[in-house]
Each structure stands twice: as C-alpha cells, then as structure tokens.
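model-v6.cif (mmCIF, C-alpha atoms) appears below.
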```
data_start
loop_
_atom_site.label_atom_id
_atom_site.label_comp_id
_atom_site.auth_asym_id
_atom_site.auth_seq_id
_atom_site.Cartn_x
_atom_site.Cartn_y
_atom_site.Cartn_z
CA MET R 5 37.36 -90.15 68.37
CA THR R 6 34.67 -89.25 65.82
CA GLU R 7 35.92 -89.05 62.24
CA ILE R 8 35.07 -85.80 60.45
CA PRO R 9 33.01 -86.69 57.35
CA ARG R 10 34.59 -85.68 54.07
CA LYS R 11 32.79 -83.28 51.79
CA LEU R 12 31.32 -84.64 48.61
CA ILE R 13 33.26 -83.93 45.42
CA VAL R 14 30.62 -81.77 43.74
CA PRO R 15 30.91 -78.36 42.01
CA LYS R 16 29.35 -76.50 44.96
CA ASN R 17 32.00 -77.78 47.39
CA ILE R 18 34.75 -77.14 44.86
CA THR R 19 33.74 -73.49 44.53
CA ASP R 20 33.50 -73.21 48.32
CA ALA R 21 37.07 -74.49 48.61
CA LEU R 22 38.30 -72.06 45.96
CA ARG R 23 36.88 -69.12 47.89
CA ASN R 24 39.94 -69.53 50.11
CA VAL R 25 42.27 -68.67 47.22
CA ILE R 26 42.90 -64.91 47.14
CA PHE R 27 44.29 -63.52 43.90
CA PRO R 28 47.71 -61.93 44.54
CA GLY R 29 47.57 -58.17 44.94
CA SER R 30 43.82 -58.08 45.54
CA ASN R 31 41.41 -58.78 48.36
CA GLN R 32 39.13 -60.98 46.25
CA ASP R 33 39.10 -64.74 45.76
CA VAL R 34 39.12 -66.55 42.41
CA ILE R 35 35.39 -67.31 42.65
CA SER R 36 34.38 -63.71 43.31
CA LEU R 37 36.58 -62.71 40.34
CA ASP R 38 34.77 -65.32 38.18
CA MET R 39 38.09 -66.93 37.28
CA ALA R 40 37.09 -70.57 37.89
CA GLN R 41 34.99 -71.81 34.98
CA GLU R 42 34.02 -75.06 33.24
CA ILE R 43 34.14 -77.07 36.49
CA ARG R 44 33.77 -80.80 35.76
CA VAL R 45 33.66 -83.76 38.14
CA ALA R 46 34.15 -87.40 37.10
CA GLY R 47 34.41 -89.60 40.16
CA LYS R 48 37.40 -88.27 42.08
CA LYS R 49 38.79 -86.41 39.08
CA VAL R 50 38.21 -82.64 39.09
CA THR R 51 38.99 -80.37 36.14
CA PHE R 52 38.36 -76.69 35.51
CA SER R 53 39.76 -73.61 33.80
CA LEU R 54 41.25 -70.56 35.47
CA VAL R 55 40.69 -67.44 33.40
CA PHE R 56 43.37 -64.75 33.61
CA GLN R 57 43.29 -61.26 32.15
CA ARG R 58 46.59 -61.88 30.34
CA SER R 59 48.11 -64.97 28.79
CA ASP R 60 51.48 -64.06 30.41
CA ASP R 61 50.14 -63.30 33.90
CA PRO R 62 53.10 -63.89 36.28
CA ASN R 63 50.73 -65.21 38.98
CA MET R 64 49.47 -68.17 36.96
CA ALA R 65 51.65 -70.88 38.51
CA ALA R 66 51.14 -69.63 42.07
CA VAL R 67 47.34 -69.36 41.72
CA ILE R 68 47.07 -72.82 40.16
CA ALA R 69 49.13 -74.30 42.98
CA ALA R 70 47.00 -72.50 45.59
CA CYS R 71 43.81 -73.84 43.97
CA GLU R 72 45.15 -77.40 44.02
CA GLU R 73 46.09 -77.05 47.67
CA ALA R 74 42.70 -75.61 48.62
CA ILE R 75 40.80 -78.47 46.99
CA LEU R 76 43.02 -81.15 48.52
CA THR R 77 42.68 -79.51 51.93
CA HIS R 78 38.91 -79.08 51.90
CA LEU R 79 37.77 -82.11 49.87
CA GLY R 80 40.41 -84.72 50.73
CA SER R 81 43.89 -85.72 49.68
CA ASP R 82 42.61 -88.38 47.28
CA VAL R 83 40.97 -85.85 44.92
CA GLU R 84 42.60 -86.02 41.49
CA ILE R 85 43.31 -82.36 40.82
CA LYS R 86 47.07 -82.14 40.15
CA GLY R 87 47.64 -81.19 36.52
CA ASN R 88 43.91 -80.84 35.83
CA ILE R 89 43.64 -77.04 36.07
CA THR R 90 43.96 -75.26 32.73
CA ALA R 91 45.03 -71.63 32.55
CA LYS R 92 43.34 -69.54 29.86
CA ALA R 93 43.39 -65.91 28.85
CA ILE R 94 40.04 -64.14 29.00
CA HIS R 95 39.76 -63.81 25.23
CA GLN R 96 39.79 -67.60 24.94
CA MET R 97 36.61 -67.88 27.02
CA GLU R 98 34.38 -65.40 25.21
CA ARG R 99 32.78 -67.89 22.84
CA PRO R 100 28.99 -67.69 22.57
CA ILE R 101 27.15 -70.93 23.35
CA LEU R 102 24.55 -70.44 20.60
CA PRO R 103 26.36 -68.37 17.96
CA GLY R 104 23.79 -69.12 15.26
CA VAL R 105 20.73 -67.96 17.24
CA LYS R 106 19.68 -64.34 16.75
CA ASN R 107 17.00 -63.97 19.45
CA LEU R 108 16.63 -65.97 22.67
CA ILE R 109 13.23 -65.35 24.21
CA ALA R 110 11.94 -66.61 27.57
CA ILE R 111 8.22 -67.39 27.84
CA ALA R 112 7.32 -67.10 31.52
CA SER R 113 4.37 -66.81 33.88
CA GLY R 114 4.00 -65.67 37.45
CA LYS R 115 1.92 -68.72 38.38
CA GLY R 116 0.86 -72.08 36.99
CA GLY R 117 -2.37 -72.82 35.17
CA VAL R 118 -2.33 -69.84 32.82
CA GLY R 119 -1.64 -71.90 29.67
CA LYS R 120 1.99 -70.86 29.24
CA SER R 121 3.09 -74.06 27.50
CA THR R 122 0.11 -73.93 25.14
CA VAL R 123 1.04 -70.34 24.31
CA SER R 124 4.72 -71.26 23.83
CA VAL R 125 3.95 -74.07 21.37
CA ASN R 126 1.45 -72.10 19.32
CA LEU R 127 3.58 -68.95 19.32
CA ALA R 128 6.57 -70.95 18.06
CA ILE R 129 4.45 -72.37 15.23
CA ALA R 130 3.01 -68.95 14.37
CA LEU R 131 6.53 -67.51 14.20
CA ALA R 132 7.63 -70.36 11.93
CA LYS R 133 4.69 -69.69 9.61
CA THR R 134 6.11 -66.19 8.98
CA GLY R 135 9.15 -67.86 7.41
CA ALA R 136 11.38 -67.50 10.46
CA LYS R 137 13.64 -70.33 11.63
CA VAL R 138 12.35 -71.22 15.08
CA GLY R 139 13.48 -73.45 17.96
CA LEU R 140 11.75 -74.26 21.25
CA ILE R 141 13.22 -75.67 24.47
CA ASP R 142 10.88 -77.15 27.06
CA ALA R 143 12.59 -75.67 30.12
CA ASP R 144 9.70 -76.70 32.39
CA ILE R 145 11.89 -79.57 33.58
CA PHE R 146 9.50 -80.84 36.27
CA GLY R 147 6.38 -80.79 34.08
CA PRO R 148 7.42 -81.29 30.45
CA SER R 149 4.36 -81.19 28.19
CA ILE R 150 5.68 -80.10 24.80
CA PRO R 151 6.16 -83.64 23.40
CA LYS R 152 2.45 -84.30 23.92
CA MET R 153 1.38 -80.97 22.45
CA PHE R 154 3.37 -81.73 19.30
CA GLY R 155 2.09 -85.32 19.18
CA VAL R 156 5.56 -86.88 19.43
CA GLU R 157 5.52 -88.54 22.86
CA ASP R 158 6.92 -91.80 21.45
CA VAL R 159 9.74 -90.17 19.48
CA LYS R 160 13.34 -90.13 20.73
CA PRO R 161 15.87 -87.53 19.50
CA ALA R 162 18.83 -88.94 17.64
CA GLY R 163 22.48 -88.26 18.41
CA VAL R 164 24.56 -86.55 15.73
CA ARG R 165 28.23 -85.66 15.50
CA VAL R 166 28.91 -82.03 14.65
CA ASP R 167 32.44 -80.59 14.40
CA GLY R 168 33.80 -83.56 16.30
CA LYS R 169 31.28 -83.26 19.16
CA GLU R 170 28.24 -85.36 20.03
CA ARG R 171 25.01 -83.38 19.78
CA ILE R 172 21.29 -84.04 20.27
CA GLN R 173 19.26 -83.53 17.10
CA PRO R 174 16.05 -81.61 17.93
CA ILE R 175 12.73 -83.04 16.76
CA SER R 176 11.14 -81.04 13.95
CA LYS R 177 7.41 -80.61 13.35
CA PHE R 178 5.16 -77.80 12.16
CA GLY R 179 8.30 -75.91 11.15
CA VAL R 180 9.68 -75.84 14.72
CA ASN R 181 12.79 -77.58 16.07
CA PHE R 182 12.32 -78.52 19.72
CA LEU R 183 13.76 -80.47 22.64
CA SER R 184 12.30 -81.45 25.99
CA ILE R 185 13.44 -83.46 28.99
CA GLY R 186 10.19 -85.31 28.37
CA PHE R 187 11.91 -87.18 25.54
CA PHE R 188 14.34 -88.75 28.01
CA VAL R 189 12.02 -89.85 30.83
CA ALA R 190 9.08 -92.25 30.78
CA THR R 191 5.74 -90.47 30.24
CA GLU R 192 4.26 -91.84 33.46
CA ASP R 193 7.33 -91.11 35.62
CA ALA R 194 7.46 -88.11 37.94
CA VAL R 195 10.59 -86.00 37.52
CA ILE R 196 11.83 -85.78 41.12
CA TRP R 197 15.12 -83.93 40.93
CA ARG R 198 16.91 -81.49 43.16
CA GLY R 199 17.62 -78.04 41.77
CA PRO R 200 21.17 -78.72 40.49
CA MET R 201 20.03 -81.80 38.56
CA ALA R 202 17.23 -79.87 36.88
CA SER R 203 19.59 -77.01 36.08
CA ASN R 204 22.12 -79.38 34.51
CA ALA R 205 19.35 -80.96 32.42
CA LEU R 206 18.41 -77.54 31.06
CA LYS R 207 22.05 -76.70 30.31
CA GLN R 208 22.38 -79.95 28.36
CA LEU R 209 19.33 -79.15 26.22
CA ILE R 210 20.88 -75.77 25.45
CA THR R 211 24.54 -76.62 24.95
CA ASP R 212 24.24 -80.14 23.48
CA GLY R 213 21.32 -79.47 21.14
CA ASN R 214 22.21 -79.17 17.46
CA TRP R 215 20.42 -75.84 17.10
CA GLY R 216 22.35 -74.43 14.17
CA THR R 217 21.01 -71.19 12.71
CA LEU R 218 17.76 -69.82 14.17
CA ASP R 219 15.94 -66.51 14.11
CA TYR R 220 14.18 -67.27 17.40
CA LEU R 221 14.79 -69.79 20.17
CA LEU R 222 11.95 -69.81 22.71
CA PHE R 223 12.24 -71.19 26.25
CA ASP R 224 9.06 -72.46 27.89
CA LEU R 225 9.93 -71.80 31.54
CA PRO R 226 8.33 -73.27 34.68
CA PRO R 227 5.79 -71.05 36.45
CA GLY R 228 6.99 -68.62 39.09
CA THR R 229 10.65 -67.83 39.71
CA SER R 230 13.10 -70.64 40.42
CA ASP R 231 16.60 -72.05 39.94
CA ILE R 232 15.66 -72.81 36.33
CA HIS R 233 15.14 -69.12 35.57
CA LEU R 234 18.47 -68.24 37.16
CA THR R 235 20.23 -71.07 35.32
CA LEU R 236 18.84 -69.84 32.01
CA VAL R 237 20.00 -66.24 32.35
CA GLN R 238 23.39 -67.39 33.62
CA THR R 239 23.86 -69.81 30.70
CA VAL R 240 22.83 -67.68 27.72
CA PRO R 241 22.17 -63.97 27.13
CA ILE R 242 18.37 -63.84 26.94
CA SER R 243 17.26 -61.19 24.44
CA GLY R 244 13.87 -60.64 26.02
CA ALA R 245 11.03 -62.15 28.03
CA VAL R 246 7.31 -62.55 27.38
CA ILE R 247 4.95 -62.92 30.35
CA VAL R 248 1.74 -64.96 30.01
CA THR R 249 -1.18 -64.23 32.32
CA THR R 250 -4.95 -64.57 32.61
CA PRO R 251 -7.30 -61.64 33.36
CA GLN R 252 -8.03 -62.65 36.97
CA ASP R 253 -6.49 -60.72 39.85
CA VAL R 254 -4.72 -63.72 41.42
CA ALA R 255 -2.70 -64.20 38.22
CA LEU R 256 -2.01 -60.51 37.70
CA ALA R 257 -0.44 -60.12 41.14
CA ASP R 258 2.12 -62.79 40.26
CA VAL R 259 2.88 -61.18 36.90
CA ILE R 260 4.42 -58.17 38.62
CA ARG R 261 6.89 -60.43 40.45
CA GLY R 262 7.80 -62.14 37.19
CA VAL R 263 8.35 -58.82 35.42
CA ASN R 264 10.46 -57.53 38.30
CA MET R 265 12.64 -60.64 38.22
CA PHE R 266 13.64 -60.09 34.60
CA LYS R 267 13.96 -56.32 34.87
CA GLY R 268 15.76 -56.44 38.23
CA LYS R 269 19.26 -55.13 38.77
CA GLY R 270 21.88 -57.63 37.71
CA VAL R 271 19.50 -59.53 35.40
CA ASP R 272 18.41 -56.71 33.06
CA VAL R 273 16.43 -58.79 30.58
CA PRO R 274 13.95 -56.59 28.67
CA VAL R 275 10.30 -57.64 28.93
CA LEU R 276 8.96 -57.54 25.37
CA GLY R 277 5.32 -57.65 26.41
CA LEU R 278 2.41 -59.47 28.05
CA ILE R 279 0.06 -62.05 26.57
CA GLU R 280 -3.41 -62.32 28.11
CA ASN R 281 -4.59 -65.91 27.79
CA MET R 282 -8.18 -67.04 28.49
CA ALA R 283 -9.25 -63.44 27.90
CA TRP R 284 -12.84 -64.53 27.25
CA PHE R 285 -14.80 -67.62 26.26
CA THR R 286 -16.07 -67.84 22.69
CA PRO R 287 -18.12 -70.72 21.24
CA GLU R 288 -16.53 -71.61 17.91
CA GLU R 289 -19.91 -71.60 16.21
CA LEU R 290 -20.67 -68.11 17.61
CA PRO R 291 -17.35 -66.23 17.29
CA GLU R 292 -18.92 -62.83 18.01
CA ASN R 293 -20.11 -63.93 21.45
CA LYS R 294 -17.70 -63.18 24.30
CA TYR R 295 -18.12 -64.33 27.89
CA TYR R 296 -15.59 -62.85 30.34
CA ILE R 297 -15.54 -65.71 32.83
CA PHE R 298 -12.16 -64.75 34.39
CA GLY R 299 -12.65 -60.99 34.37
CA ARG R 300 -12.26 -58.46 31.60
CA ASP R 301 -9.10 -56.83 30.23
CA GLY R 302 -6.99 -57.57 33.31
CA GLY R 303 -3.90 -58.19 31.19
CA LEU R 304 -4.56 -55.09 29.08
CA LYS R 305 -4.87 -52.87 32.14
CA LEU R 306 -1.76 -54.34 33.76
CA ALA R 307 0.26 -53.87 30.56
CA GLU R 308 -0.77 -50.20 30.54
CA ARG R 309 0.13 -49.87 34.23
CA LEU R 310 3.57 -51.43 33.71
CA GLU R 311 4.08 -49.53 30.44
CA LEU R 312 4.56 -52.77 28.51
CA PRO R 313 3.11 -53.79 25.16
CA LEU R 314 0.11 -56.14 25.19
CA LEU R 315 1.10 -58.63 22.49
CA GLY R 316 -2.38 -60.12 22.27
CA GLN R 317 -5.49 -61.51 23.96
CA ILE R 318 -6.26 -65.18 23.43
CA PRO R 319 -9.85 -66.41 23.85
CA ILE R 320 -10.85 -69.74 25.36
CA VAL R 321 -12.08 -71.91 22.50
CA GLN R 322 -12.68 -75.64 22.72
CA GLY R 323 -10.35 -76.24 19.79
CA ILE R 324 -7.27 -74.94 21.61
CA ARG R 325 -7.67 -77.66 24.26
CA GLU R 326 -8.40 -80.33 21.67
CA GLY R 327 -5.38 -79.29 19.60
CA GLY R 328 -3.07 -79.48 22.61
CA ASP R 329 -4.33 -82.93 23.59
CA SER R 330 -4.23 -84.36 20.07
CA GLY R 331 -0.86 -82.96 19.01
CA ASN R 332 -2.35 -80.62 16.40
CA PRO R 333 -1.80 -77.08 17.75
CA VAL R 334 -4.38 -74.51 16.64
CA ALA R 335 -1.76 -72.08 15.32
CA TRP R 336 -1.23 -74.43 12.38
CA ASP R 337 -4.77 -73.64 11.16
CA ASP R 338 -4.81 -70.18 9.63
CA ASN R 339 -8.61 -70.14 9.48
CA SER R 340 -9.30 -70.91 13.15
CA ILE R 341 -10.14 -68.13 15.60
CA THR R 342 -7.08 -68.81 17.74
CA GLY R 343 -4.88 -69.43 14.70
CA LYS R 344 -5.53 -65.87 13.59
CA VAL R 345 -4.87 -64.57 17.11
CA PHE R 346 -1.50 -66.33 17.34
CA ALA R 347 -0.52 -65.00 13.90
CA GLU R 348 -1.17 -61.47 15.23
CA ILE R 349 0.80 -62.16 18.43
CA ALA R 350 3.74 -63.50 16.41
CA SER R 351 3.71 -60.34 14.27
CA ASN R 352 3.67 -58.15 17.40
CA LEU R 353 6.51 -60.14 19.00
CA ILE R 354 8.65 -59.78 15.87
CA ARG R 355 8.01 -56.02 15.95
CA GLU R 356 8.95 -55.70 19.64
CA SER R 357 11.99 -57.95 19.26
CA ASP R 358 13.28 -55.93 16.31
CA ALA R 359 12.73 -52.67 18.22
CA ARG R 360 14.57 -54.10 21.22
CA ASN R 361 17.56 -55.01 19.05
CA VAL R 362 17.68 -51.54 17.51
CA ASN R 363 17.24 -49.53 20.69
CA LEU R 364 19.02 -51.57 23.38
CA ASN R 365 22.46 -53.09 23.77
CA PRO R 366 22.78 -56.88 23.50
CA THR R 367 21.96 -58.68 26.74
CA LYS R 368 24.84 -60.29 28.62
CA LYS R 369 24.82 -63.50 30.60
CA VAL R 370 24.04 -62.84 34.23
CA LYS R 371 26.89 -63.15 36.69
CA VAL R 372 25.64 -63.64 40.23
CA SER R 373 28.10 -62.83 42.98
CA ARG R 374 27.84 -64.83 46.17
CA LYS R 375 28.72 -63.07 49.37
#
```

Translate this structure into structure tokens?
Amino acid sequence: MTEIPRKLIVPKNITDALRNVIFPGSNQDVISLDMAQEIRVAGKKVTFSLVFQRSDDPNMAAVIAACEEAILTHLGSDVEIKGNITAKAIHQMERPILPGVKNLIAIASGKGGVGKSTVSVNLAIALAKTGAKVGLIDADIFGPSIPKMFGVEDVKPAGVRVDGKERIQPISKFGVNFLSIGFFVATEDAVIWRGPMASNALKQLITDGNWGTLDYLLFDLPPGTSDIHLTLVQTVPISGAVIVTTPQDVALADVIRGVNMFKGKGVDVPVLGLIENMAWFTPEELPENKYYIFGRDGGLKLAERLELPLLGQIPIVQGIREGGDSGNPVAWDDNSITGKVFAEIASNLIRESDARNVNLNPTKKVKVSRK
C-alpha cells in the first residue's frame, strides 16, 4: 500500500487547511474572512492569531478548536498547534507597520533597462536635499544594485535593539537611509529564490528596518509586475506610485500595464506621475545639443494620454553612468545637468504627493481574496 505523502508545514498549506473552518452562522471560512493573521512556522510548531470582531465573541473557543483540528487533519497529527492559536479583537490588530513614515512611494517600471534604480537613488537624494527625511528600500530582490550606486558594497548593516525588539539599522549616505538584500548576499552570488522567499525578504526589510520618522520612504521595485509588487501593497499602504519609462514605443506599451496594476480595482494606489528617462542624449560640454536617440517626447505624450503628470525628463549624460558606477550619484551635484533635473523632479513629486494627501483618502493595505 502506497503511503500518502504528508503536506509540508508551510504557511500556504496552513491557510489551505484553515479554509475548511467555516465561521459559525456564516458561509465563509476564516481565511476568506481574513481572521487568520501573523502565521509563523518554526519546525513543527505553528502559531497564529485569530482576529474576532469582539473580544467577547461566544464562538472563540469553538473556532480555535476547529482550526486546531483542521491543521492536525490536513498537515499531520505531529504538528504542534495545541495552545498556539491566540484570539484577538480586531482593534488589537490595527497597528501600522511604519507609523513614523508619512509617504510610502513605489518607484516602478513596466520593463527592465529603463534606469529605474538609477532614478530611485538620485530621486531619493534630491528629496533629501530639500530637507526631507528620506528612506529607500531596494525591493528589486533578484537584482539589488543600490549598494553599488551608493558606493557601500562592502558595508554591512548593524543590528540594534529598539523597544525590546531586534532591528536592522539602515545605512545612511547622502542624506538617505537605505536597505537592500544586496547587503546580505555575496556580490558575485546570483539570488535564486522562489517567490515566497523573495517576498519574505522584502517584508523583513520593511518590518525589521529601524526606519523611525521619515517624510518619504521609496521602494525601488523590480521591473514588470510580480509577487514583489503584490507583497508590497499587501504589507504596507502605499501612498502613491511613480512609473519610470524611456521614450521608445516598446517601453511605453509596458507602462500602461504598470499603471493599470496600481490603479486596478482592489489595489487602488494613486499614480503620482511618470518620469521619462533617457529622453535625449546631451554631451556635457554641449548642454544645448539634444539628440533624440530613443524617440522624442514618448513619455510626455503618454502622460497626456493617461492624464497623469509628467514629473520630468532626464537626459542621457555620461556623468549619470559614471556616478552610478562610482557610488557618487549625480543628484548630489547641484551644478550638474542631471543634478538640476532631479531637483526639479523632486519638487514636482513633493507637489503631487501633497496634493494626493489633500484630495484623496489614505491608501489601505490590499487584501486579496482567494477563490
């Protein structure tokens, strides 16, 4: 007789087991009702919280017992679950993850190769030069490049203890506090992780970083749309998104998909504007000369079509590549061509972010229902 293989004790299988637990008096399970939260696995030990509408809900004991039984039935009788489910009232769970951060802004692109990370680094520095307190998370888990762009590839973040909890102290340079998975893997190593591992790495940078009080926390996202994007909007309420593109048609087509992802039903993250990178080539010694090698005003025209602000057009200048490679971003130099451009983009982003906060309700974390 062939033995039926046991399911792995992982959060996905735990939630699948809990879908069999129907809340009394309803036709929905505890997962669909978003009751099971803070799921943790340590070997065979499983812990999580069950969130009830009321602290005196008469169904608490019965639902907890049903959850224990479901996990033991579907994952094996040796799972350590008895006594490890905590009942909480909903008001106990509404604690913001980053209470000291005013604006959380995603920097995204529809495709790779448009210079999104270069834009993210220089925009963060330009914002900091206005006097704002700025943080940056390298959420491009599979291709972290921010340590190199800041010239800190050999630096390792220190651990600090804050309010009784261990935190990761972000690296600070050019007025920006930043963290990247690149600090925790060897420079020459490829990051070959499945989606859940990458998502957990991003969550750790967000929740374990000692971010403190910030005016802006930027997220340099991977190109396209992926699990990382979904993880981000499910973990924190993103205030707005900025889309980076180049003028060429192949990039512009992907921008529309990126915009639609953020503005789509159930996500509802406002897009604060577009940034057109590589808008033209300019020799630094001849700043008035413009050569439109990737097409002209593609980002401008698309912004008008989508009724979005164009936050700025960034020219190709040799110095922007040299600054990224050497760890001296061009935005730090107020007198450079691109330094002036990034200062203007930062000013426009502050304007759009302020307008968003005045005219729109605060964004909520995304809750994705699985059917």

Report the centre and edge lengths, in Å to one decimal, of an axis-aligned box enclosing every atom of range 351-359 of chain R listed in the file, padded by 3 Å on each side, as lines of an AutoDock Vina configuration file.
```
center_x = 8.5
center_y = -56.5
center_z = 17.0
size_x = 15.6
size_y = 13.7
size_z = 11.4
```

On this structure, the PyMOL selection byres ((chain R and resi 142) around 7) would catch which residues? List them as an mmCIF file with C-alpha atoms, keeping the file's coordinate frame, sorted by chain and number.
```cif
data_model
loop_
_atom_site.group_PDB
_atom_site.id
_atom_site.type_symbol
_atom_site.label_atom_id
_atom_site.label_comp_id
_atom_site.auth_asym_id
_atom_site.auth_seq_id
_atom_site.Cartn_x
_atom_site.Cartn_y
_atom_site.Cartn_z
ATOM 1 C CA LEU R 140 11.750 -74.260 21.250
ATOM 2 C CA ILE R 141 13.220 -75.670 24.470
ATOM 3 C CA ALA R 143 12.590 -75.670 30.120
ATOM 4 C CA ASP R 144 9.700 -76.700 32.390
ATOM 5 C CA PRO R 148 7.420 -81.290 30.450
ATOM 6 C CA ILE R 150 5.680 -80.100 24.800
ATOM 7 C CA LEU R 183 13.760 -80.470 22.640
ATOM 8 C CA SER R 184 12.300 -81.450 25.990
ATOM 9 C CA PHE R 223 12.240 -71.190 26.250
ATOM 10 C CA ASP R 224 9.060 -72.460 27.890
#
```

Find the residues near Gly299 in chain R: any atom within 10 Å, counting all atoms listed in the file, skip ones fewer than 2 places away on the same chain, and give them as a list in words. Thr250, Pro251, Gln252, Asp253, Met282, Ala283, Trp284, Tyr295, Tyr296, Ile297, Asp301, Gly302 and Gly303 of chain R

Which residue out of R:Ile75, R:Leu206, R:Val254, R:Val273 has the minimum interatomic distance to Leu108 in chain R when only C-alpha atoms are used? R:Val273

Which is closest to Val118 in chain R among R:Leu222, R:Val321, R:Ala255, R:Ala347, if we use all atoms listed in the file?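 Closest residue, counting all atoms listed in the file: R:Ala255.
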
CA of Asp82 in chain R to CA of Pro15 in chain R, distance in Å rounded to a single decimal: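 These atoms are spaced 16.3 Å apart.
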
Could you check which residues have any atom within 8 Å of (4.2, -64.7, 20.3), counting all atoms listed in the file with coordinates taken straight from the file, and then list them as a list in words?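 In the file's frame, the residues around the point are Val123, Ser124, Asn126, Leu127, Ala128, Ala130, Leu131, Ile279, Leu315, Phe346, Ala347, Ile349, Ala350, Ser351, Asn352, Leu353 and Ile354 of chain R.
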
Resulting file, chosen residues, C-alpha atoms, as a PDB file, keeping the file's coordinate frame:
```
ATOM      1  CA  VAL R 123       1.040 -70.340  24.310  1.00  0.00           C
ATOM      2  CA  SER R 124       4.720 -71.260  23.830  1.00  0.00           C
ATOM      3  CA  ASN R 126       1.450 -72.100  19.320  1.00  0.00           C
ATOM      4  CA  LEU R 127       3.580 -68.950  19.320  1.00  0.00           C
ATOM      5  CA  ALA R 128       6.570 -70.950  18.060  1.00  0.00           C
ATOM      6  CA  ALA R 130       3.010 -68.950  14.370  1.00  0.00           C
ATOM      7  CA  LEU R 131       6.530 -67.510  14.200  1.00  0.00           C
ATOM      8  CA  ILE R 279       0.060 -62.050  26.570  1.00  0.00           C
ATOM      9  CA  LEU R 315       1.100 -58.630  22.490  1.00  0.00           C
ATOM     10  CA  PHE R 346      -1.500 -66.330  17.340  1.00  0.00           C
ATOM     11  CA  ALA R 347      -0.520 -65.000  13.900  1.00  0.00           C
ATOM     12  CA  ILE R 349       0.800 -62.160  18.430  1.00  0.00           C
ATOM     13  CA  ALA R 350       3.740 -63.500  16.410  1.00  0.00           C
ATOM     14  CA  SER R 351       3.710 -60.340  14.270  1.00  0.00           C
ATOM     15  CA  ASN R 352       3.670 -58.150  17.400  1.00  0.00           C
ATOM     16  CA  LEU R 353       6.510 -60.140  19.000  1.00  0.00           C
ATOM     17  CA  ILE R 354       8.650 -59.780  15.870  1.00  0.00           C
TER      18      ILE R 354
END
```

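Take CA of Ser113 in chain R and CA of Arg300 in chain R: the distance between them is 18.7 Å.
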
Atom-to-atom span, CA of Arg165 in chain R and CA of Gly87 in chain R, Å: 29.0 Å

Shell around Ile320 in chain R at 9 Å using only C-alpha atoms, local window under 3 positions removed, as a PyMOL selection string: chain R and resi 281-287+323-325+342

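Within 10 Å of Gln173 in chain R, once all atoms listed in the file are used and residues closer than 4 positions along the same chain are dropped, the contacting residues are R:Lys160, R:Pro161, R:Ala162, R:Gly163, R:Val164, R:Arg165, R:Asn181, R:Phe182, R:Leu183, R:Asp212, R:Gly213, R:Asn214, R:Trp215.
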
Excluding Ala40 in chain R and residues on its chain fewer than 6 positions from it, collect all residues at most 12 Å away from it, counting only C-alpha atoms, and give them as a ChimeraX atom specification. /R:15,18-23,25,27,33-34,51-56,67-68,71,89-94,97

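If you measure from each of R:Leu314, R:Val180, R:Leu234, R:Leu256 to Gly114 in chain R using all atoms listed in the file, the closest one turns out to be R:Leu256.
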
Spatial neighbours of Ala46 in chain R, 12 Å, all atoms listed in the file, chain gap at least 4 places, as a ChimeraX atom specification: /R:13-15,50-52,83-85,88

If the PyMOL selection byres ((chain R and resi 263) around 10) is run on the structure shown, which residues does it catch, given as a list of chain:residue names?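 Selected by the PyMOL selection byres ((chain R and resi 263) around 10) in this file: R:Ala112, R:Ser113, R:Gly114, R:Ala245, R:Val246, R:Ile247, R:Asp258, R:Val259, R:Ile260, R:Arg261, R:Gly262, R:Asn264, R:Met265, R:Phe266, R:Lys267, R:Gly268, R:Val273, R:Pro274, R:Val275, R:Gly277, R:Leu278, R:Leu310, R:Leu312.
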
Take the PyMOL selection byres ((chain R and resi 158) around 12), apply it to the structure above, and return the hits as an NGL selection string. :R and (151-152 or 154-157 or 159-161 or 175 or 186-191)

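With distances restricted to all atoms listed in the file, R:Val370 is the closest residue to Gln238 in chain R from R:Ile109, R:Gly135, R:Val370, R:Val334.
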
Looking at all atoms listed in the file, which of R:Pro226, R:Asn293, R:Gly179, R:Val248 is the one that sits closest to Ala307 in chain R?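 Between R:Pro226, R:Asn293, R:Gly179, R:Val248, the residue approaching Ala307 in chain R most closely is R:Val248.
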